[in-house]
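Q: Sharing work.cif, mmCIF, C-alpha atoms:
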```
data_run
loop_
_atom_site.label_atom_id
_atom_site.label_comp_id
_atom_site.auth_asym_id
_atom_site.auth_seq_id
_atom_site.Cartn_x
_atom_site.Cartn_y
_atom_site.Cartn_z
CA MET A 16 48.48 -43.52 15.27
CA GLU A 17 46.29 -43.56 12.14
CA ASP A 18 43.91 -46.03 13.80
CA LEU A 19 43.68 -43.88 16.93
CA ILE A 20 42.99 -40.76 14.84
CA LEU A 21 40.15 -42.58 13.04
CA GLU A 22 38.76 -43.85 16.35
CA LEU A 23 38.86 -40.34 17.83
CA LYS A 24 37.11 -38.87 14.80
CA GLU A 25 34.33 -41.46 15.10
CA LYS A 26 33.93 -40.80 18.83
CA ILE A 27 33.92 -37.01 18.34
CA ILE A 28 31.20 -37.31 15.67
CA GLU A 29 29.16 -39.50 18.02
CA VAL A 30 29.46 -37.50 21.25
CA LEU A 31 29.08 -34.11 19.59
CA ASN A 32 26.21 -35.29 17.42
CA LEU A 33 27.96 -34.20 14.19
CA GLU A 34 25.80 -36.52 12.10
CA GLU A 35 26.34 -34.54 8.92
CA LEU A 36 30.08 -35.34 9.02
CA THR A 37 32.03 -38.52 8.23
CA PRO A 38 35.54 -39.21 9.62
CA GLU A 39 36.96 -38.36 6.18
CA ASP A 40 35.50 -34.85 6.43
CA ILE A 41 37.60 -34.05 9.49
CA ASP A 42 41.13 -32.87 8.78
CA PRO A 43 43.24 -34.24 11.68
CA LYS A 44 45.42 -31.11 11.61
CA ALA A 45 42.55 -28.58 11.42
CA PRO A 46 41.65 -26.56 14.54
CA LEU A 47 38.72 -27.98 16.48
CA PHE A 48 37.57 -24.67 17.96
CA GLY A 49 36.80 -21.38 16.24
CA ALA A 50 36.71 -20.62 12.55
CA GLY A 51 38.54 -22.69 9.94
CA GLY A 52 37.90 -26.08 11.50
CA LEU A 53 35.08 -27.95 13.17
CA GLY A 54 33.85 -24.76 14.87
CA LEU A 55 33.35 -26.39 18.25
CA ASP A 56 32.61 -24.18 21.25
CA SER A 57 33.22 -24.30 24.99
CA ILE A 58 30.42 -26.72 25.85
CA ASP A 59 31.89 -29.19 23.35
CA ALA A 60 35.16 -29.03 25.29
CA LEU A 61 33.38 -30.54 28.29
CA GLU A 62 32.15 -33.40 26.09
CA LEU A 63 35.75 -33.99 24.99
CA ILE A 64 36.98 -33.96 28.60
CA VAL A 65 34.45 -36.67 29.50
CA LEU A 66 35.26 -38.59 26.29
CA LEU A 67 38.95 -38.76 27.26
CA GLU A 68 38.02 -39.84 30.77
CA LYS A 69 35.50 -42.53 29.82
CA SER A 70 37.29 -43.97 26.78
CA TYR A 71 40.95 -43.66 27.78
CA GLY A 72 40.96 -43.10 31.55
CA ILE A 73 42.58 -39.67 31.17
CA ARG A 74 41.60 -36.91 33.61
CA LEU A 75 42.79 -33.47 32.57
CA ALA A 76 44.08 -31.31 35.39
CA SER A 77 43.33 -27.81 34.17
CA ALA A 78 41.81 -25.59 31.52
CA ALA A 79 45.27 -24.66 30.31
CA GLU A 80 46.10 -28.32 29.71
CA GLY A 81 42.82 -28.79 27.83
CA LYS A 82 43.50 -25.75 25.69
CA ASN A 83 46.84 -27.20 24.59
CA ILE A 84 45.42 -30.64 23.89
CA PHE A 85 42.17 -29.79 22.13
CA THR A 86 43.83 -27.93 19.28
CA SER A 87 43.33 -30.67 16.67
CA VAL A 88 42.40 -34.35 16.39
CA GLU A 89 46.04 -35.17 15.69
CA ASN A 90 47.12 -33.41 18.87
CA ILE A 91 44.51 -35.23 20.95
CA ALA A 92 45.62 -38.55 19.44
CA GLN A 93 49.22 -37.81 20.35
CA TYR A 94 48.25 -36.94 23.93
CA VAL A 95 46.03 -40.03 24.24
CA SER A 96 48.74 -42.37 22.94
CA GLN A 97 51.18 -41.03 25.56
CA ASN A 98 48.80 -40.85 28.54
CA ARG A 99 46.05 -43.44 28.08
CA LYS A 100 45.29 -45.71 31.02
CA LYS A 101 42.93 -48.02 29.17
CA MET B 12 20.89 -12.56 16.24
CA GLU B 13 23.08 -14.20 18.89
CA ARG B 14 22.39 -12.93 22.36
CA GLU B 15 25.03 -13.67 24.93
CA TRP B 16 24.22 -11.99 28.21
CA ALA B 17 26.80 -9.46 29.43
CA GLY B 18 25.56 -10.11 32.95
CA THR B 19 26.16 -7.37 35.44
CA THR B 20 24.17 -5.56 38.11
CA TYR B 21 23.26 -1.95 37.25
CA GLY B 22 25.11 0.88 39.05
CA ASN B 23 28.63 1.50 40.28
CA ALA B 24 30.37 0.49 43.52
CA TRP B 25 29.58 3.84 45.19
CA MET B 26 25.86 3.48 44.41
CA HIS B 27 25.84 -0.09 45.73
CA ARG B 28 27.57 0.92 48.99
CA TRP B 29 25.22 3.88 49.43
CA LEU B 30 22.17 1.68 48.87
CA ILE B 31 23.35 -0.93 51.37
CA ARG B 32 24.03 1.73 54.03
CA MET B 33 20.62 3.28 53.50
CA LEU B 34 18.89 -0.09 53.68
CA ARG B 35 20.35 -0.68 57.15
CA TYR B 36 18.20 2.16 58.50
CA ILE B 37 15.06 2.52 56.40
CA ASP B 38 12.16 0.21 55.69
CA ILE B 39 12.43 -1.38 52.25
CA ARG B 40 8.82 -0.36 51.52
CA VAL B 41 9.90 3.30 51.54
CA LEU B 42 12.40 2.51 48.78
CA TYR B 43 9.80 0.44 46.92
CA ALA B 44 7.45 3.45 46.89
CA PHE B 45 10.19 5.90 45.89
CA THR B 46 11.24 3.61 43.03
CA ALA B 47 7.68 3.04 41.83
CA ILE B 48 6.87 6.78 41.79
CA PHE B 49 10.12 8.40 40.66
CA VAL B 50 12.37 5.81 39.02
CA ILE B 51 10.18 3.35 37.13
CA PRO B 52 8.20 5.94 35.08
CA VAL B 53 11.49 7.39 33.82
CA CYS B 54 12.84 3.90 33.05
CA LEU B 55 9.72 3.06 31.10
CA LEU B 56 10.16 6.18 28.97
CA ILE B 57 13.85 5.80 28.17
CA ASN B 58 14.45 2.05 28.30
CA PRO B 59 13.59 -0.41 25.49
CA SER B 60 12.61 -2.93 28.16
CA ALA B 61 9.14 -1.33 28.32
CA GLY B 62 8.34 -2.36 24.74
CA ILE B 63 9.85 -5.81 25.21
CA ILE B 64 7.78 -6.54 28.31
CA TYR B 65 4.63 -4.99 26.82
CA ARG B 66 4.95 -7.41 23.86
CA TYR B 67 5.61 -10.26 26.32
CA PHE B 68 2.25 -9.61 27.98
CA ARG B 69 0.42 -9.07 24.67
CA ARG B 70 1.81 -12.07 22.75
CA GLN B 71 2.81 -14.59 25.39
CA HIS B 72 -0.06 -14.01 27.83
CA GLY B 73 -2.63 -12.66 25.38
CA TYR B 74 -3.52 -9.65 27.54
CA GLY B 75 -5.26 -6.61 26.06
CA PRO B 76 -3.38 -3.32 25.46
CA LEU B 77 -4.44 -1.61 28.70
CA LYS B 78 -3.79 -4.64 30.90
CA SER B 79 -0.42 -5.18 29.19
CA ALA B 80 0.58 -1.56 29.86
CA LEU B 81 -0.41 -1.85 33.53
CA LYS B 82 1.41 -5.18 33.90
CA THR B 83 4.50 -3.70 32.22
CA TYR B 84 4.59 -1.04 34.93
CA GLN B 85 4.05 -3.68 37.64
CA ASN B 86 6.79 -5.86 36.15
CA HIS B 87 9.31 -3.01 36.31
CA CYS B 88 8.24 -2.11 39.85
CA GLN B 89 8.70 -5.71 40.94
CA PHE B 90 12.09 -5.89 39.27
CA GLY B 91 13.06 -2.77 41.22
CA GLN B 92 11.84 -4.48 44.39
CA VAL B 93 13.84 -7.66 43.87
CA VAL B 94 17.00 -5.59 43.25
CA ILE B 95 16.29 -3.62 46.45
CA ASP B 96 15.70 -6.91 48.29
CA LYS B 97 19.05 -8.25 47.07
CA PHE B 98 20.86 -5.23 48.50
CA ALA B 99 18.70 -5.35 51.66
CA MET B 100 19.97 -8.90 52.12
CA TYR B 101 23.55 -7.61 51.74
CA ALA B 102 22.61 -5.01 54.39
CA GLY B 103 21.62 -7.82 56.76
CA LYS B 104 17.83 -7.73 56.39
CA LYS B 105 16.01 -11.05 56.60
CA PHE B 106 13.14 -12.33 54.48
CA SER B 107 10.63 -15.08 55.30
CA MET B 108 11.00 -18.13 53.08
CA GLU B 109 8.25 -20.63 52.33
CA ILE B 110 9.62 -23.75 50.67
CA GLU B 111 7.74 -26.15 48.42
CA GLY B 112 9.53 -29.42 47.61
CA ILE B 113 12.45 -29.10 50.04
CA GLU B 114 12.33 -32.90 50.49
CA HIS B 115 13.58 -33.33 46.90
CA PHE B 116 16.63 -31.22 47.68
CA GLN B 117 17.28 -32.97 50.98
CA GLN B 118 17.04 -36.43 49.42
CA LEU B 119 19.55 -35.55 46.71
CA ALA B 120 21.85 -33.78 49.17
CA LYS B 121 22.12 -36.99 51.22
CA LYS B 122 23.28 -39.04 48.24
CA PRO B 123 26.98 -39.22 47.36
CA GLU B 124 26.36 -38.27 43.71
CA SER B 125 26.36 -34.73 42.36
CA PHE B 126 23.23 -33.01 41.21
CA ILE B 127 22.32 -29.93 39.24
CA MET B 128 20.04 -27.04 40.21
CA LEU B 129 18.60 -25.11 37.26
CA SER B 130 17.12 -21.65 37.60
CA SER B 131 15.92 -18.77 35.42
CA HIS B 132 15.67 -15.01 35.62
CA VAL B 133 12.23 -15.08 37.19
CA GLY B 134 11.54 -14.06 40.78
CA ASN B 135 14.71 -13.58 42.83
CA TYR B 136 16.92 -16.65 42.82
CA GLU B 137 19.86 -14.99 44.51
CA ILE B 138 17.94 -14.06 47.62
CA ALA B 139 17.26 -17.66 48.57
CA GLY B 140 18.50 -20.09 45.97
CA TYR B 141 21.96 -20.27 47.46
CA THR B 142 20.61 -20.79 50.98
CA LEU B 143 19.60 -24.29 49.90
CA SER B 144 23.19 -25.41 50.35
CA SER B 145 23.83 -28.61 52.25
CA GLU B 146 26.16 -29.13 55.20
CA HIS B 147 27.81 -32.11 53.56
CA LYS B 148 27.70 -31.16 49.91
CA PRO B 149 29.20 -27.88 48.67
CA LEU B 150 27.03 -25.83 46.34
CA ASN B 151 28.80 -24.24 43.36
CA ALA B 152 26.93 -21.29 41.92
CA LEU B 153 27.73 -20.28 38.36
CA VAL B 154 27.99 -16.48 38.23
CA PHE B 155 28.91 -13.88 35.61
CA PHE B 156 32.63 -13.19 35.30
CA GLY B 157 31.89 -9.54 34.44
CA GLU B 158 29.82 -8.88 37.56
CA LYS B 159 30.68 -5.72 39.52
CA ALA B 160 33.37 -6.13 42.19
CA SER B 161 31.05 -4.65 44.83
CA VAL B 162 28.38 -7.29 44.11
CA MET B 163 30.98 -10.06 44.16
CA ASP B 164 32.39 -8.73 47.47
CA ASN B 165 28.93 -8.78 49.01
CA ARG B 166 28.27 -12.27 47.71
CA ASN B 167 31.57 -13.41 49.19
CA LYS B 168 30.63 -11.93 52.57
CA LEU B 169 27.22 -13.57 52.38
CA PHE B 170 28.68 -16.95 51.51
CA ALA B 171 31.48 -16.80 54.09
CA GLY B 172 30.93 -19.61 56.56
CA THR B 173 28.43 -21.36 54.26
CA ASN B 174 29.10 -24.31 52.00
CA THR B 175 28.63 -22.19 48.86
CA LYS B 176 31.31 -21.42 46.29
CA MET B 177 31.16 -19.37 43.13
CA ILE B 178 32.34 -20.42 39.68
CA ALA B 179 32.76 -17.41 37.39
CA ILE B 180 31.92 -17.96 33.72
CA ARG B 181 35.11 -17.02 31.89
CA PRO B 182 35.82 -16.33 28.22
CA ASP B 183 38.17 -19.34 28.17
CA MET B 184 37.16 -22.87 29.18
CA GLY B 185 38.24 -22.49 32.81
CA HIS B 186 34.75 -22.58 34.31
CA LEU B 187 33.95 -25.85 32.51
CA PHE B 188 36.87 -27.56 34.21
CA GLU B 189 35.69 -26.21 37.56
CA ILE B 190 32.14 -27.46 36.89
CA ASP B 191 33.44 -30.86 35.85
CA GLN B 192 35.67 -31.05 38.91
CA ALA B 193 32.76 -30.19 41.21
CA LEU B 194 30.56 -32.80 39.54
CA GLN B 195 33.26 -35.45 39.89
CA ASN B 196 33.58 -34.56 43.58
CA GLY B 197 29.88 -35.21 44.24
CA GLU B 198 29.02 -31.53 44.73
CA ILE B 199 25.97 -29.46 43.73
CA VAL B 200 26.19 -27.14 40.73
CA SER B 201 23.64 -24.37 40.34
CA MET B 202 23.33 -22.71 36.94
CA PRO B 203 20.95 -20.47 35.00
CA ALA B 204 19.17 -22.28 32.17
CA ASP B 205 17.51 -19.43 30.32
CA ARG B 206 20.41 -17.41 28.86
CA LEU B 207 23.32 -18.18 26.57
CA LEU B 208 26.45 -17.85 28.70
CA GLY B 209 29.80 -18.72 27.17
CA SER B 210 28.64 -21.41 24.74
CA GLN B 211 26.43 -20.27 21.88
CA LYS B 212 24.85 -23.69 21.37
CA LYS B 213 21.11 -23.45 21.81
CA LEU B 214 17.77 -25.23 21.73
CA GLN B 215 14.55 -23.88 20.24
CA LEU B 216 11.69 -24.92 22.46
CA PRO B 217 7.96 -24.25 22.68
CA PHE B 218 7.39 -21.85 25.56
CA LEU B 219 4.42 -19.74 26.55
CA ASN B 220 2.58 -19.45 23.20
CA GLY B 221 5.71 -19.21 21.11
CA THR B 222 9.13 -20.66 20.38
CA ALA B 223 12.02 -19.49 22.49
CA THR B 224 15.77 -19.99 22.58
CA PHE B 225 17.28 -21.76 25.58
CA PRO B 226 20.93 -22.65 26.17
CA TYR B 227 22.05 -26.17 25.29
CA GLY B 228 24.84 -26.20 27.88
CA PRO B 229 23.01 -26.79 31.19
CA PHE B 230 21.01 -29.71 29.79
CA SER B 231 24.08 -31.14 28.08
CA ILE B 232 26.15 -30.94 31.29
CA ALA B 233 23.40 -32.61 33.34
CA THR B 234 22.92 -35.52 30.93
CA LEU B 235 26.64 -35.94 30.21
CA ARG B 236 27.11 -37.79 33.49
CA GLY B 237 23.46 -38.83 33.95
CA LEU B 238 22.94 -36.52 36.92
CA ASN B 239 19.80 -35.80 38.92
CA VAL B 240 18.35 -32.35 38.26
CA VAL B 241 16.01 -30.04 40.18
CA ALA B 242 14.49 -26.76 39.03
CA VAL B 243 14.69 -24.07 41.72
CA HIS B 244 12.72 -20.84 41.45
CA VAL B 245 12.30 -18.22 44.16
CA MET B 246 9.20 -16.10 43.69
CA LYS B 247 8.25 -12.94 45.58
CA GLN B 248 5.02 -13.25 47.54
CA SER B 249 4.99 -9.98 49.50
CA ALA B 250 7.41 -7.29 50.73
CA ARG B 251 9.08 -9.66 53.20
CA THR B 252 8.15 -13.12 51.93
CA TYR B 253 9.48 -15.34 49.17
CA ARG B 254 8.38 -18.83 48.13
CA ILE B 255 11.01 -21.33 46.96
CA TYR B 256 9.86 -24.00 44.52
CA VAL B 257 12.09 -27.09 44.25
CA THR B 258 10.86 -29.38 41.46
CA PRO B 259 12.60 -32.61 40.43
CA LEU B 260 13.10 -33.10 36.68
CA SER B 261 13.45 -36.51 35.09
CA TYR B 262 14.69 -37.91 31.79
CA ASP B 263 15.24 -41.38 30.35
CA ARG B 264 18.90 -42.12 31.07
CA GLU B 265 18.84 -45.13 28.74
CA ALA B 266 17.68 -43.04 25.77
CA PRO B 267 20.10 -41.66 23.15
CA ARG B 268 21.92 -38.60 24.46
CA GLN B 269 20.17 -36.02 22.27
CA GLN B 270 16.81 -37.40 23.38
CA GLN B 271 17.86 -37.06 27.02
CA ILE B 272 18.80 -33.42 26.43
CA GLN B 273 15.48 -32.72 24.72
CA GLU B 274 13.46 -34.45 27.44
CA LEU B 275 15.21 -32.59 30.23
CA ALA B 276 14.99 -29.23 28.46
CA HIS B 277 11.26 -29.68 27.73
CA GLN B 278 10.60 -30.56 31.37
CA TYR B 279 12.54 -27.58 32.60
CA VAL B 280 10.79 -25.19 30.23
CA ALA B 281 7.40 -26.57 31.34
CA GLU B 282 8.39 -25.76 34.93
CA VAL B 283 9.44 -22.20 34.02
CA GLN B 284 6.13 -21.81 32.20
CA ARG B 285 4.28 -22.97 35.33
CA MET B 286 6.10 -20.28 37.32
CA VAL B 287 5.53 -17.52 34.79
CA GLU B 288 1.86 -18.36 34.38
CA HIS B 289 1.46 -18.13 38.15
CA TYR B 290 3.67 -15.03 38.52
CA PRO B 291 3.45 -13.28 35.10
CA THR B 292 4.96 -10.01 36.35
CA GLN B 293 8.10 -11.72 37.72
CA TRP B 294 9.67 -12.37 34.30
CA TYR B 295 12.98 -10.47 34.13
CA ASN B 296 14.56 -11.32 30.79
CA TYR B 297 14.66 -7.87 29.25
CA PHE B 298 15.53 -8.86 25.70
CA GLU B 299 13.60 -10.40 22.79
CA PHE B 300 13.27 -13.88 24.18
CA TRP B 301 10.84 -15.39 21.71
CA LYS B 302 11.87 -16.36 18.21
CA ASN B 303 8.96 -14.55 16.56
CA ASP B 304 10.33 -11.30 18.06
CA GLU B 305 13.74 -11.62 16.46
CA CYS B 306 14.43 -9.67 13.31
#
```
Would you encode the structure as C-alpha cells?

A:
Amino acid sequence: MEDLILELKEKIIEVLNLEELTPEDIDPKAPLFGAGGLGLDSIDALELIVLLEKSYGIRLASAAEGKNIFTSVENIAQYVSQNRKK
Amino acid sequence: MEREWAGTTYGNAWMHRWLIRMLRYIDIRVLYAFTAIFVIPVCLLINPSAGIIYRYFRRQHGYGPLKSALKTYQNHCQFGQVVIDKFAMYAGKKFSMEIEGIEHFQQLAKKPESFIMLSSHVGNYEIAGYTLSSEHKPLNALVFFGEKASVMDNRNKLFAGTNTKMIAIRPDMGHLFEIDQALQNGEIVSMPADRLLGSQKKLQLPFLNGTATFPYGPFSIATLRGLNVVAVHVMKQSARTYRIYVTPLSYDREAPRQQQIQELAHQYVAEVQRMVEHYPTQWYNYFEFWKNDEC
C-alpha cells in the first residue's frame, strides 16, 4: 500500500501540474479538496477520474462514488488496490 | 477578486411568459424600438454595466469619449435585441442563418470521436449554436444550474425531438461526470469558455489590448483526452439574420499537457478577438473582464 500511495502522489503531482510539491509534502490522510489539504477544485476531479481510468483501468460510475473516493490519497489508494484492472 | 458567474436570465417566469405571448403577435422590431427608447436609457442610468462597457470601448478598442458613449448605448440596445430574439425563438419565430465553416462541424460530426465546441458571451449563441447538432452525435450543452425554470422549460421544448441534451453545472462534481461520460460516448460537448463556472482555476491571457482572465476548465477538458475543438460564435447581422462562425482550433497533441492548454487557449482567445474586433458592440460580459480593471 505504501508503494501505491507514493505512486499516486507522483501521478497526482504530474497530472495536476503541482510542480512546487514533492510526494513528501502530501499527507496521505489530508483532504484533497477544499481548505486544509491540497485545495484541489472540481476541474481537478476530472483529471483524477481520467488518471484512474488510464493508469488502473477504473471507470467511476457516478459523482457520488467519486466524492467518496477522492477524499484523500490514502482513500484513493485503498479503492485502487481493491478495484484496479491493470 | 474571484468572479464566478451566477448565470441566470433577467426577469421572472410571469415576465418571460408574457414576453413570449406578445412576441407571437407583434413584430420584433416594435419591441426593439420600445426597448431602445424606454428601457435602455434607464438601464444606462441605474446599471453599472454602462461604465464597464464604456471603459471596454475606451481601453480595449481605443475609441474616443463620444464614440465610446454612443457605442455603449448601441451595445445595450443590441443586448436587448438578442434577449428579445431568444424569446422570439421560444415563441416560434424563425431567423435566417448564414454559416461560415459548417464543413468543419460536419467533418467532425462524421467521426466516431467526441469533440468540443467552445463559445463566449458575444453575439447570441443560444439562438443558433445548438442547432448545429448532428443526427448521429448527440450535442450536450453546458448550462447554468441556477437558470430560471421558465427558461429551462422553453429550452426543453426547443430541444425536444432534436439530438441536444443539457448538462447543468452543479455545485458538486456531478456535471463533470456527465461531461466525461458524454466524451467517452463519442458525443459533442458545447461549453462557454469565457467565464469561470464551477472551477475557479483560470488562465491570464493577452486579449484585446490587455490581459484578461479565462477559465482553465474548458481547455483542460479538451486536451485531457486530446479532443478536436471548434470555436462557434453566432453574431447578429440584422433584425432577422445571424451569421454562425465555426472555426477549427488546433494544438500540438504531442506537447506537454500545460503547453497544449496554453496553445488551445491562445487560439481560442485569438478567435474571440477576431469576432469582437468585427462586432465590437456584441460583447456581453458585463463585469470587469480585463485584469487592469480589477481592484

Q: Write out as a ChimeraX atom specification every residue belonging to chain B that has an atom at most 12 Å from any atom of chain A, counting only C-alpha atoms.

A: /B:180-192,194-195,207-213,226-236,267-270,272

Q: Once the PyMOL selection byres ((chain B and resi 54-69) around 10) has been evaluated on this model, what residues remain selected, and can you format them as a PyMOL selection string?

A: chain B and resi 49-53+70-84+86-87+219+291-292+294-301+304

Q: Determine, counting all atoms listed in the file, which protein, DNA and RNA residues have an atom within 9 Å of an atom of A:Glu22; residues of the same chain fewer than 5 positions away are not included. Present the result as a list of chain:residue names.

A: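 In the requested format, the answer is A:Glu17, A:Ile27, A:Pro38.
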
Q: Between atom CA of A:Phe85 and atom CA of A:Lys24, what is the spacing in Å?

A: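 Separating atom CA of A:Lys24 from atom CA of A:Phe85 is a distance of 12.7 Å.
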
Q: Could you jot down the atom CA of B:Ala204 to atom CA of B:His132 separation for me, Å, one decimal place?

A: 8.8 Å

Q: Give me, please, the distance in Å between atom CA of B:Leu238 and atom CA of B:Gln215, quoted to one decimal.

A: 22.5 Å

Q: Do a neighbour search on B:Ile255 at 12 Å with all atoms listed in the file, toss out local chain neighbours closer than 3 positions, and write the hits as a PyMOL selection string.

A: chain B and resi 106-113+116+130+133-143+242-248+252+258+286

Q: Near stretch 95-98 of chain A, counting only C-alpha atoms, which residues have an atom at most 10 Å away, once you skip same-chain residues fewer than 3 positions from it, shown as a ChimeraX atom specification?

A: /A:16,19-20,23,67,70-74,84,89-92,101

Q: Using 5 Å of padding on each side, determine the axis-aligned box around all atoms of stretch 33-42 of chain A present in the file and give its centre and edge lengths in Å to one decimal, as JSON.

A:
```
{"center_x": 33.5, "center_y": -36.0, "center_z": 10.2, "size_x": 25.3, "size_y": 16.3, "size_z": 18.0}
```

Q: So, counting all atoms listed in the file, which residue among B:Gln284, B:Gln273, B:Thr173, B:Asn165 is closest to B:Asn220?

A: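 That would be B:Gln284, the residue with the smallest distance to B:Asn220.
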
Q: Run the PyMOL selection byres ((chain B and resi 30) around 12) against the file shown and list the residues it catches, as a list in words.

A: Gly22, Asn23, Ala24, Trp25, Met26, His27, Arg28, Trp29, Ile31, Arg32, Met33, Leu34, Arg35, Tyr36, Ile37, Ile39, Leu42, Val94, Ile95, Asp96, Lys97, Phe98, Ala99, Met100, Tyr101, Ala102, Ser161 and Val162 of chain B

Q: Would you output that residue set with C-alpha atoms, as a CSV table (one decimal), keeping the file's coordinate frame?

A:
```
chain,number,residue,atom,x,y,z
B,22,GLY,CA,25.1,0.9,39.0
B,23,ASN,CA,28.6,1.5,40.3
B,24,ALA,CA,30.4,0.5,43.5
B,25,TRP,CA,29.6,3.8,45.2
B,26,MET,CA,25.9,3.5,44.4
B,27,HIS,CA,25.8,-0.1,45.7
B,28,ARG,CA,27.6,0.9,49.0
B,29,TRP,CA,25.2,3.9,49.4
B,31,ILE,CA,23.4,-0.9,51.4
B,32,ARG,CA,24.0,1.7,54.0
B,33,MET,CA,20.6,3.3,53.5
B,34,LEU,CA,18.9,-0.1,53.7
B,35,ARG,CA,20.4,-0.7,57.2
B,36,TYR,CA,18.2,2.2,58.5
B,37,ILE,CA,15.1,2.5,56.4
B,39,ILE,CA,12.4,-1.4,52.2
B,42,LEU,CA,12.4,2.5,48.8
B,94,VAL,CA,17.0,-5.6,43.2
B,95,ILE,CA,16.3,-3.6,46.4
B,96,ASP,CA,15.7,-6.9,48.3
B,97,LYS,CA,19.0,-8.2,47.1
B,98,PHE,CA,20.9,-5.2,48.5
B,99,ALA,CA,18.7,-5.4,51.7
B,100,MET,CA,20.0,-8.9,52.1
B,101,TYR,CA,23.6,-7.6,51.7
B,102,ALA,CA,22.6,-5.0,54.4
B,161,SER,CA,31.0,-4.6,44.8
B,162,VAL,CA,28.4,-7.3,44.1
```

Q: List as a PyMOL selection string the protein and nucleic acid residues near A:Gly52, meaning an atom at most 10 Å away when only C-alpha atoms are counted, but skip any in the same chain fewer than 3 places from it.

A: chain A and resi 41-49+55+86-87

Q: Under the rule that all atoms listed in the file are counted, which of A:Leu21, A:Val88, A:Arg99, A:Leu63 is the nearest residue to A:Thr37?

A: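 Closest to A:Thr37, using all atoms listed in the file: A:Leu21.
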